[in-house]
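Trainee: Input: one structure, supplied below.
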Amino acid sequence: MTISRTEKVVRVAVPIPAYRCFDYLPPSGVGLSDLLPGLRLRVPFGNRTRVGYLIAVAETPECDVARLRPAEAVLDDKPLLSETDVKLLQWAARYYHHPLGEVFQLAFPVHLREGRSAEVTRPQGLTLTPAGAALDPPVLKRAPAQRMLLETLRGAEYPFPASRLAETGSSARAAQDAARRLVERGWAEWVDLPDGRIPAAIRPPLPLNVAQRAAVDAVSAHLGRYGAFLLEGVTGSGKTEVYLEVIRRVVARGEQALVLVPEISLTPQLEQRLRERIEAPLAVFHSGLNETERTAAWLGFQQGDIRVLLGTRSAVFVPMRRPGIIILDEEHDRSFKQQEGFRFSARDVAVMRARMADIPLVAGSATPSLESIRNVQRGRYVRLSLPARAGVAVEPRYRLLDIRSRRLQEGLSEALIAAIRETLAEGGQVLLFLNRRGFAPALICHGCGWVAQCRRCDANLVLHAREARLRCHHCAAEHGLPPRCPSCGQEDLRPLGIGTERVDQALQRLFPEIGVARIDRDSTRGRHSLARILERVHQGEVRILLGTQMLAKGHHFPGVTLVGILDVDAGFYSTDFRAAEHTAQLIVQVAGRAGRGEKPGTVLLQTRHPDHPLLQRLLRDGYPGFAAAELAEREAACLPPFGYQALWRAESKDLGRAMDFLARLREEAEGKNGAVHWLGPAPAPMPRQAGRYRAQLWLKSARREALHASLTDALARLQETPERRVRWSLDVDPVDF
Ligand code: ADP
Ligand code: ZN
Ligand code: ZN
């Protein structure tokens, strides 16, 4: 096909691993003015077709016009992405150096990626027609199923959800038949449920305290324009009440609110509070939903019917028809950073999105990330603080338990056991925190010192005693228990170290009359098991609660008056420069679970390093004091948030090959850009995982642009001469390594 040089082309993001877009001729029969950015197109690619995303109509093609092919079809009447959405995705692809088409694709739910139509199939509900409402039930004497359904509909304040029909009849089938008959006879009709659920009863807002009011006023003054706010307040200080009031105002203006939480497990309680307070359609969006539900929520928000969307990190890309506000709860949480594939930070994308859409963003936390604290110092964020706890609860008291040369029973010191006993005698609940699941982190031979290790990872196998299994926590490897030492043949194999399962057993032995519950990934595997355990805690059936970091997140335990942290040291001695920050956040977050009722809480921390300066600082000056000290150290070392980082990762069956690949990257780039410092290549902290070797190469710079220029450069070379033997990835602003 030949075209004239002046003919226009459509620029399309095609979901393949390429760092650019592709040009096509406009599809036949479609006017240029109808080709708007954000439309989905079907385009030929290689010898198949793909769903691509229109970026722009361009004057001049980037490649040889003679080779251009026409796009096959436009899939949407109207673009699903606004121009701002398109810009945001382009920015994200550029900033994280991820292939453009893949970024666009990841912003869509699977059904839309596949090219299915963007029609919302909204959940249906059954409601009575006026004729049905006026009907005399005895008319249905001989149709008991219809009569029963009619009675149910009369009693229902809202359309009755189709999904609950089965509850009304003797069987699902009978209920469906009855519904069909009622509709045929003109007594009932199907209507769309706005958001698939009956609205909950609306509660009036609480009278806000002075600090809450100031926070709400500050954010409200920014509705309709960009502003970033860091809402700082301990657990229970009333941050959620601030979100709720701000959202209420946003919704009253006819706008939408996007609310992000770091984990699925935090959605139910926030969803409940939103539904009680906000009189507008709401949907949740996370990976726990099926694709139909995800698509419905995505389209509902995109079209503006859903006014409040509550979701995890992927929700940050869901288009909004009338953007009003973005709220990010627990902003310090590392789960906001995606750890594979497109490694974006939902927090940072949210800030950019708010800025592009010209709306406020509120990021809340009891323990803000050092990045956000730094942004406050630089005047980029406005700090709003809620100093006192709302209601009557008071701050917990901290105490260090020096366990050097003390006898421990399965990780519990005598002082801690005594405190547990006392708390139980006073009728309180106890929360114990140990960030290590399983029975023991290792199995060792008492005869020769052999330790059970994963064959495919540089890691010890973890003993899970109840199931009599050895498991690797880094790959899927799992083994039965060896009857004797494979090295010396002796039968004296012993657990080494302490995991939650072991402490659980000890607690049951020490407190046989008391209900103990364990919350970790092993004990909460079933779909509702976490909810069930939490229920037993709230009912007071469980008096000792033991768990991993799952416990540190969001849950409220008003009856807990004693918190014990079994091992605070692990985090303060680590190669990860963020470990201290993370540990301090964990301690404060776990402590925040205590004393939410009227009783004050006590927090006991077991340590072998009671003089550690950061620990001392945390206990003396609280999290803000700790953060100030830690920021000073980061500044001295030119670490984030004072410098910028990126991490190249490479993995291969052969460590040398991965190292060579990274060494070459460094060689080709070094010297070109004096503002960038290189560290490595070096084997990853755990070099071998699942049978593959991993190496990494750090890039550091005081100047973000310099760092990014270097990455762009390296990626261009990799596109030219692709590396086939090593699997590599790039992580911008890495948080975990
Ligand atoms: P956070 O989100 O900071 O943990 P919440 O908003 O959940 O705090 O508030 C903690 C508790 O205090 C909740 O039970 C909430 O209903 C109550 N609360 C919050 N603000 C007020 C207020 N102004 N007056 C009375 N109770 C409040
Ligand atoms: Zn042995
Ligand atoms: Zn393994």
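In the structure tokens, chains take letters A, B, ... by order of appearance, with residues numbered from 1 within each chain and ligands from 1 in the order shown.
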Give me, as a list of chain:residue names, all polymer residues having an atom no more than 8 Å from Pro99 of chain A, counting only C-alpha atoms and skipping those fewer than 3 positions away in the same chain.
Mentor: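 Residues meeting the cut-off are A:Pro15, A:Ile16, A:Pro17, A:Ala18, A:Tyr19, A:Arg20, A:Ala93, A:Glu102, A:Val103.
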Trainee: Please identify every polymer residue within 10 Å of ligand 1, using only C-alpha atoms and all ligand atoms, and present the set as a PyMOL selection string.
Mentor: chain A and resi 205-213+231-244+269-270+273+329-330+364-366+386+388-393+554-556+558+592-593+596-597
Trainee: How close does chain A get to ligand 3? List, as CSV, each residue of chain A within 8 Å, its nearest atom pair and the distance in Å to one decimal, counting only C-alpha atoms and all ligand atoms.
Mentor:
```
residue,atom,partner,partner_atom_place_in_ligand_line,distance
A:Cys454,CA,ligand 3,1 (Zn),4.8
A:Arg455,CA,ligand 3,1 (Zn),6.6
A:Arg456,CA,ligand 3,1 (Zn),5.0
A:Cys457,CA,ligand 3,1 (Zn),4.2
A:Asp458,CA,ligand 3,1 (Zn),7.3
A:Ala459,CA,ligand 3,1 (Zn),6.6
A:Leu461,CA,ligand 3,1 (Zn),7.5
A:Arg471,CA,ligand 3,1 (Zn),7.8
A:Cys472,CA,ligand 3,1 (Zn),4.5
A:His473,CA,ligand 3,1 (Zn),6.5
A:His474,CA,ligand 3,1 (Zn),4.9
A:Cys475,CA,ligand 3,1 (Zn),4.1
A:Ala476,CA,ligand 3,1 (Zn),6.4
A:Ala477,CA,ligand 3,1 (Zn),5.4
A:Gln689,CA,ligand 3,1 (Zn),6.1
A:Ala690,CA,ligand 3,1 (Zn),5.3
A:Gly691,CA,ligand 3,1 (Zn),7.8
```
Trainee: For the selection you just gave me, I'd like the residues written to a file as a PDB file, in the first residue's frame, keeping C-alpha atoms.
Mentor:
```pdb
ATOM      1  CA  CYS A 454      16.469 -26.380  50.171  1.00  0.00           C
ATOM      2  CA  ARG A 455      18.101 -28.037  47.201  1.00  0.00           C
ATOM      3  CA  ARG A 456      17.015 -25.247  44.872  1.00  0.00           C
ATOM      4  CA  CYS A 457      17.561 -22.182  47.098  1.00  0.00           C
ATOM      5  CA  ASP A 458      20.258 -20.816  49.373  1.00  0.00           C
ATOM      6  CA  ALA A 459      17.893 -21.148  52.294  1.00  0.00           C
ATOM      7  CA  LEU A 461      13.954 -25.498  55.081  1.00  0.00           C
ATOM      8  CA  ARG A 471       9.035 -26.350  53.525  1.00  0.00           C
ATOM      9  CA  CYS A 472      11.067 -23.816  51.650  1.00  0.00           C
ATOM     10  CA  HIS A 473       9.554 -20.355  52.040  1.00  0.00           C
ATOM     11  CA  HIS A 474      11.233 -19.170  48.846  1.00  0.00           C
ATOM     12  CA  CYS A 475      10.139 -21.805  46.358  1.00  0.00           C
ATOM     13  CA  ALA A 476       7.497 -24.505  46.286  1.00  0.00           C
ATOM     14  CA  ALA A 477       9.803 -27.227  47.644  1.00  0.00           C
ATOM     15  CA  GLN A 689      16.312 -19.258  44.318  1.00  0.00           C
ATOM     16  CA  ALA A 690      14.238 -22.032  42.766  1.00  0.00           C
ATOM     17  CA  GLY A 691      17.306 -23.347  41.011  1.00  0.00           C
TER      18      GLY A 691
END
```
Trainee: In Å, how far is it from atom CA of Val191 of chain A to atom CA of Leu153 of chain A?
Mentor: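 Atom CA of Leu153 of chain A lies 13.1 Å from atom CA of Val191 of chain A.
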Trainee: Set the cut-off to 10 Å, count only C-alpha atoms and all ligand atoms, and list whatever residues fall near ligand 2 as a PyMOL selection string.
Mentor: chain A and resi 444-451+484-493
Trainee: Using N, CA and C atoms, can you write the selected residues to a file as a compact mmCIF listing (two decimals), in the first residue's frame?
Mentor:
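What landed in result_6.txt:
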```txt
# COMPACT_ATOMS: atom_id res chain seq x y z
N ILE A 444 18.06 -29.10 62.69
CA ILE A 444 19.51 -29.33 62.76
C ILE A 444 19.79 -30.69 63.41
N CYS A 445 20.88 -31.32 63.00
CA CYS A 445 21.27 -32.59 63.61
C CYS A 445 22.14 -32.28 64.83
N HIS A 446 21.73 -32.81 65.98
CA HIS A 446 22.47 -32.56 67.21
C HIS A 446 23.81 -33.29 67.21
N GLY A 447 23.90 -34.34 66.38
CA GLY A 447 25.13 -35.12 66.33
C GLY A 447 26.23 -34.44 65.53
N CYS A 448 25.89 -33.96 64.30
CA CYS A 448 26.95 -33.48 63.43
C CYS A 448 26.76 -32.05 62.95
N GLY A 449 25.60 -31.45 63.24
CA GLY A 449 25.39 -30.06 62.84
C GLY A 449 24.81 -29.88 61.45
N TRP A 450 24.46 -31.00 60.81
CA TRP A 450 23.81 -30.92 59.49
C TRP A 450 22.52 -30.09 59.62
N VAL A 451 22.24 -29.25 58.64
CA VAL A 451 21.01 -28.45 58.65
C VAL A 451 20.24 -28.74 57.36
N ARG A 484 16.16 -39.89 60.13
CA ARG A 484 17.48 -39.72 60.76
C ARG A 484 18.31 -38.76 59.93
N CYS A 485 19.42 -38.35 60.50
CA CYS A 485 20.26 -37.38 59.81
C CYS A 485 20.84 -37.99 58.53
N PRO A 486 20.59 -37.36 57.39
CA PRO A 486 21.12 -37.90 56.14
C PRO A 486 22.65 -37.86 56.09
N SER A 487 23.25 -37.09 56.99
CA SER A 487 24.70 -36.95 56.94
C SER A 487 25.41 -37.95 57.84
N CYS A 488 24.97 -38.08 59.12
CA CYS A 488 25.67 -38.98 60.03
C CYS A 488 24.82 -40.15 60.50
N GLY A 489 23.54 -40.14 60.16
CA GLY A 489 22.70 -41.28 60.50
C GLY A 489 22.08 -41.25 61.89
N GLN A 490 22.47 -40.31 62.72
CA GLN A 490 21.88 -40.25 64.06
C GLN A 490 20.41 -39.83 63.98
N GLU A 491 19.66 -40.19 65.02
CA GLU A 491 18.23 -39.88 64.99
C GLU A 491 17.89 -38.62 65.76
N ASP A 492 18.90 -37.89 66.20
CA ASP A 492 18.65 -36.73 67.05
C ASP A 492 18.55 -35.43 66.24
N LEU A 493 17.44 -35.30 65.50
CA LEU A 493 17.22 -34.06 64.73
C LEU A 493 16.38 -33.10 65.58
```
Trainee: Check the DSSP output for the backbone and give back, as JSON, numbers by chain, the residues of segment 356-469 of chain A in strand (DSSP E).
Mentor: {"A": [360, 361, 362, 363, 364, 365, 382, 383, 384, 385, 386, 397, 398, 399, 400, 401, 402, 408, 409, 412, 413, 429, 430, 431, 432, 433, 442, 443, 444, 445, 462, 463, 464, 469]}
Trainee: Please write the residues from the selection above to a file, keeping N, CA and C atoms, as a tab-separated table (two decimals), in the first residue's frame.
Mentor:
```tsv
chain	number	residue	atom	x	y	z
A	360	PRO	N	-7.08	16.74	44.89
A	360	PRO	CA	-6.25	16.48	46.06
A	360	PRO	C	-6.00	15.00	46.29
A	361	LEU	N	-4.91	14.74	47.00
A	361	LEU	CA	-4.57	13.39	47.42
A	361	LEU	C	-4.32	13.43	48.92
A	362	VAL	N	-4.89	12.46	49.63
A	362	VAL	CA	-4.66	12.38	51.06
A	362	VAL	C	-4.00	11.04	51.35
A	363	ALA	N	-2.80	11.06	51.91
A	363	ALA	CA	-2.10	9.84	52.26
A	363	ALA	C	-2.04	9.77	53.78
A	364	GLY	N	-2.59	8.70	54.33
A	364	GLY	CA	-2.66	8.62	55.78
A	364	GLY	C	-1.78	7.53	56.35
A	365	SER	N	-1.26	7.75	57.55
A	365	SER	CA	-0.47	6.71	58.22
A	365	SER	C	-0.17	7.13	59.66
A	382	VAL	N	1.46	18.74	52.37
A	382	VAL	CA	1.04	19.48	53.55
A	382	VAL	C	0.77	18.46	54.65
A	383	ARG	N	1.37	18.68	55.80
A	383	ARG	CA	1.19	17.74	56.89
A	383	ARG	C	-0.04	18.12	57.69
A	384	LEU	N	-0.90	17.13	57.92
A	384	LEU	CA	-2.06	17.32	58.77
A	384	LEU	C	-1.91	16.30	59.87
A	385	SER	N	-1.99	16.73	61.13
A	385	SER	CA	-1.78	15.69	62.13
A	385	SER	C	-2.93	15.61	63.11
A	386	LEU	N	-3.19	14.39	63.50
A	386	LEU	CA	-4.23	14.11	64.48
A	386	LEU	C	-3.51	13.66	65.74
A	397	ARG	N	2.08	2.23	76.74
A	397	ARG	CA	3.40	2.42	77.36
A	397	ARG	C	4.36	1.36	76.82
A	398	TYR	N	5.57	1.76	76.49
A	398	TYR	CA	6.57	0.81	75.97
A	398	TYR	C	7.53	0.40	77.09
A	399	ARG	N	7.97	-0.86	77.06
A	399	ARG	CA	9.02	-1.28	77.98
A	399	ARG	C	9.91	-2.31	77.31
A	400	LEU	N	11.23	-2.14	77.46
A	400	LEU	CA	12.16	-3.11	76.87
A	400	LEU	C	12.39	-4.25	77.85
A	401	LEU	N	12.41	-5.47	77.33
A	401	LEU	CA	12.77	-6.63	78.15
A	401	LEU	C	14.13	-7.13	77.63
A	402	ASP	N	15.14	-6.90	78.43
A	402	ASP	CA	16.48	-7.35	78.05
A	402	ASP	C	16.55	-8.86	78.24
A	408	LEU	N	14.69	-18.67	78.11
A	408	LEU	CA	13.49	-18.44	77.32
A	408	LEU	C	12.73	-19.75	77.17
A	409	GLN	N	11.42	-19.71	77.29
A	409	GLN	CA	10.61	-20.88	76.97
A	409	GLN	C	10.01	-20.64	75.60
A	412	LEU	N	9.74	-17.15	74.81
A	412	LEU	CA	9.05	-16.27	75.76
A	412	LEU	C	9.89	-16.15	77.03
A	413	SER	N	10.22	-14.91	77.41
A	413	SER	CA	10.98	-14.71	78.65
A	413	SER	C	10.03	-14.83	79.85
A	429	GLN	N	-6.94	-8.94	77.02
A	429	GLN	CA	-6.48	-9.80	75.93
A	429	GLN	C	-5.02	-9.47	75.63
A	430	VAL	N	-4.32	-10.47	75.07
A	430	VAL	CA	-2.89	-10.32	74.82
A	430	VAL	C	-2.62	-10.52	73.33
A	431	LEU	N	-1.74	-9.71	72.78
A	431	LEU	CA	-1.35	-9.87	71.39
A	431	LEU	C	0.16	-10.07	71.34
A	432	LEU	N	0.59	-11.17	70.73
A	432	LEU	CA	2.02	-11.45	70.62
A	432	LEU	C	2.43	-11.45	69.15
A	433	PHE	N	3.57	-10.83	68.90
A	433	PHE	CA	4.00	-10.65	67.52
A	433	PHE	C	5.34	-11.32	67.27
A	442	ALA	N	14.62	-23.74	61.22
A	442	ALA	CA	15.60	-24.72	60.74
A	442	ALA	C	15.46	-26.03	61.50
A	443	LEU	N	15.97	-27.09	60.87
A	443	LEU	CA	16.05	-28.40	61.51
A	443	LEU	C	17.52	-28.80	61.49
A	444	ILE	N	18.06	-29.10	62.69
A	444	ILE	CA	19.51	-29.33	62.76
A	444	ILE	C	19.79	-30.69	63.41
A	445	CYS	N	20.88	-31.32	63.00
A	445	CYS	CA	21.27	-32.59	63.61
A	445	CYS	C	22.14	-32.28	64.83
A	462	VAL	N	12.09	-24.76	56.41
A	462	VAL	CA	11.39	-24.40	57.64
A	462	VAL	C	10.58	-25.61	58.11
A	463	LEU	N	10.68	-25.89	59.40
A	463	LEU	CA	9.94	-27.03	59.96
A	463	LEU	C	8.51	-26.62	60.27
A	464	HIS	N	7.56	-27.38	59.70
A	464	HIS	CA	6.15	-27.22	60.05
A	464	HIS	C	5.76	-28.49	60.78
A	469	ARG	N	6.16	-31.50	58.01
A	469	ARG	CA	6.73	-31.17	56.71
A	469	ARG	C	7.90	-30.20	56.87
```
Trainee: Neighbouring residues of Cys21 of chain A were defined as those with any atom within 10 Å, considering only C-alpha atoms; residues of the same chain fewer than 3 positions away were excluded. Please report them as number ranges by chain.
Mentor: A: 10-16, 18, 52-55, 62, 99-101
Trainee: Of the candidates A:Ile326, A:Ala297, A:Met550, A:Ala73, which shows the shortest atom-to-atom distance to Val351 of chain A, using only C-alpha atoms?
Mentor: A:Ile326
Trainee: Report as an MDAnalysis selection string all protein, DNA and RNA residues lying within 12 Å of Ala296 of chain A, evaluated on only C-alpha atoms, omitting residues in the same chain fewer than 3 positions from it.
Mentor: chainID A and resid 108:112 117:123 193:196 282:285 289:293 299:306 309 318
Trainee: With C-alpha atoms retained, could you export that selection as a PDB file, in the first residue's frame?
Mentor:
```pdb
ATOM      1  CA  PHE A 108      -7.472  -2.758  31.822  1.00  0.00           C
ATOM      2  CA  PRO A 109      -9.380  -5.736  33.259  1.00  0.00           C
ATOM      3  CA  VAL A 110      -8.764  -8.992  31.411  1.00  0.00           C
ATOM      4  CA  HIS A 111     -12.097  -9.017  29.564  1.00  0.00           C
ATOM      5  CA  LEU A 112     -11.368  -5.648  28.018  1.00  0.00           C
ATOM      6  CA  SER A 117     -17.338  -5.149  24.471  1.00  0.00           C
ATOM      7  CA  ALA A 118     -17.307  -2.468  27.138  1.00  0.00           C
ATOM      8  CA  GLU A 119     -20.919  -2.912  28.108  1.00  0.00           C
ATOM      9  CA  VAL A 120     -21.623  -2.994  31.774  1.00  0.00           C
ATOM     10  CA  THR A 121     -23.588  -6.031  32.802  1.00  0.00           C
ATOM     11  CA  ARG A 122     -24.877  -4.682  36.017  1.00  0.00           C
ATOM     12  CA  PRO A 123     -26.205  -6.948  38.734  1.00  0.00           C
ATOM     13  CA  LEU A 193     -28.788  -2.648  41.114  1.00  0.00           C
ATOM     14  CA  PRO A 194     -26.571   0.395  41.317  1.00  0.00           C
ATOM     15  CA  ASP A 195     -23.647  -1.473  42.807  1.00  0.00           C
ATOM     16  CA  GLY A 196     -24.773  -5.011  43.332  1.00  0.00           C
ATOM     17  CA  LEU A 282     -19.519   1.953  45.817  1.00  0.00           C
ATOM     18  CA  ALA A 283     -17.471  -0.891  44.416  1.00  0.00           C
ATOM     19  CA  VAL A 284     -14.357  -2.727  45.450  1.00  0.00           C
ATOM     20  CA  PHE A 285     -11.578  -3.588  43.041  1.00  0.00           C
ATOM     21  CA  LEU A 289     -12.801 -10.679  42.598  1.00  0.00           C
ATOM     22  CA  ASN A 290     -13.655 -12.698  39.536  1.00  0.00           C
ATOM     23  CA  GLU A 291     -13.156 -11.115  36.120  1.00  0.00           C
ATOM     24  CA  THR A 292     -16.830 -10.283  35.633  1.00  0.00           C
ATOM     25  CA  GLU A 293     -16.901  -8.425  38.943  1.00  0.00           C
ATOM     26  CA  LEU A 299     -16.529   0.137  33.873  1.00  0.00           C
ATOM     27  CA  GLY A 300     -18.819   1.438  36.605  1.00  0.00           C
ATOM     28  CA  PHE A 301     -16.128   3.780  37.872  1.00  0.00           C
ATOM     29  CA  GLN A 302     -15.009   4.678  34.361  1.00  0.00           C
ATOM     30  CA  GLN A 303     -18.558   5.639  33.391  1.00  0.00           C
ATOM     31  CA  GLY A 304     -19.243   7.480  36.617  1.00  0.00           C
ATOM     32  CA  ASP A 305     -22.035   5.296  38.019  1.00  0.00           C
ATOM     33  CA  ILE A 306     -19.788   4.044  40.786  1.00  0.00           C
ATOM     34  CA  LEU A 309     -13.942   2.805  44.342  1.00  0.00           C
ATOM     35  CA  VAL A 318      -8.939   2.634  36.963  1.00  0.00           C
TER      36      VAL A 318
END
```
Trainee: Figure out the distance between atom CA of Leu230 of chain A and atom CA of Ile373 of chain A, please, to one decimal in Å.
Mentor: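 So the two atoms, atom CA of Ile373 of chain A and atom CA of Leu230 of chain A, lie 8.2 Å apart.
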Trainee: Could you check how far atom CA of Phe104 of chain A sits from atom CA of Leu39 of chain A, in Å to one decimal?
Mentor: 11.2 Å
Trainee: Please provide as JSON, numbers by chain all residues within 8 Å of His97 of chain A, with the sequence filter that same-chain residues fewer than 2 positions apart are discarded (counting only C-alpha atoms).
Mentor: {"A": [19, 92, 93, 94, 95, 99, 711, 712, 730, 732]}
Trainee: Write out the residues from the selection above, keeping N, CA and C atoms, as a PDB file, in the first residue's frame.
Mentor:
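The result, written out as part19.pdb:
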```pdb
ATOM      1  N   TYR A  19       9.590  -0.773  23.954  1.00  0.00           N
ATOM      2  CA  TYR A  19       9.519   0.501  24.665  1.00  0.00           C
ATOM      3  C   TYR A  19       9.003   1.627  23.787  1.00  0.00           C
ATOM      4  N   ALA A  92       3.912   6.693  33.377  1.00  0.00           N
ATOM      5  CA  ALA A  92       4.300   5.530  34.181  1.00  0.00           C
ATOM      6  C   ALA A  92       5.241   4.620  33.399  1.00  0.00           C
ATOM      7  N   ALA A  93       4.956   4.447  32.105  1.00  0.00           N
ATOM      8  CA  ALA A  93       5.815   3.603  31.272  1.00  0.00           C
ATOM      9  C   ALA A  93       7.213   4.207  31.185  1.00  0.00           C
ATOM     10  N   ARG A  94       7.253   5.523  31.049  1.00  0.00           N
ATOM     11  CA  ARG A  94       8.541   6.205  30.946  1.00  0.00           C
ATOM     12  C   ARG A  94       9.293   6.143  32.274  1.00  0.00           C
ATOM     13  N   TYR A  95       8.568   6.452  33.354  1.00  0.00           N
ATOM     14  CA  TYR A  95       9.233   6.558  34.654  1.00  0.00           C
ATOM     15  C   TYR A  95       9.762   5.200  35.130  1.00  0.00           C
ATOM     16  N   PRO A  99       7.647  -1.526  29.159  1.00  0.00           N
ATOM     17  CA  PRO A  99       7.068  -1.443  27.810  1.00  0.00           C
ATOM     18  C   PRO A  99       5.676  -0.795  27.819  1.00  0.00           C
ATOM     19  N   LEU A 711      19.323   4.802  32.338  1.00  0.00           N
ATOM     20  CA  LEU A 711      18.462   3.633  32.121  1.00  0.00           C
ATOM     21  C   LEU A 711      17.946   3.610  30.684  1.00  0.00           C
ATOM     22  N   THR A 712      17.511   4.755  30.202  1.00  0.00           N
ATOM     23  CA  THR A 712      16.985   4.841  28.842  1.00  0.00           C
ATOM     24  C   THR A 712      18.038   4.361  27.843  1.00  0.00           C
ATOM     25  N   LEU A 730      14.210  -4.552  35.484  1.00  0.00           N
ATOM     26  CA  LEU A 730      14.671  -3.262  35.982  1.00  0.00           C
ATOM     27  C   LEU A 730      13.671  -2.781  37.039  1.00  0.00           C
ATOM     28  N   VAL A 732      12.790   0.494  39.307  1.00  0.00           N
ATOM     29  CA  VAL A 732      13.032   1.901  39.632  1.00  0.00           C
ATOM     30  C   VAL A 732      12.472   2.169  41.027  1.00  0.00           C
TER      31      VAL A 732
END
```
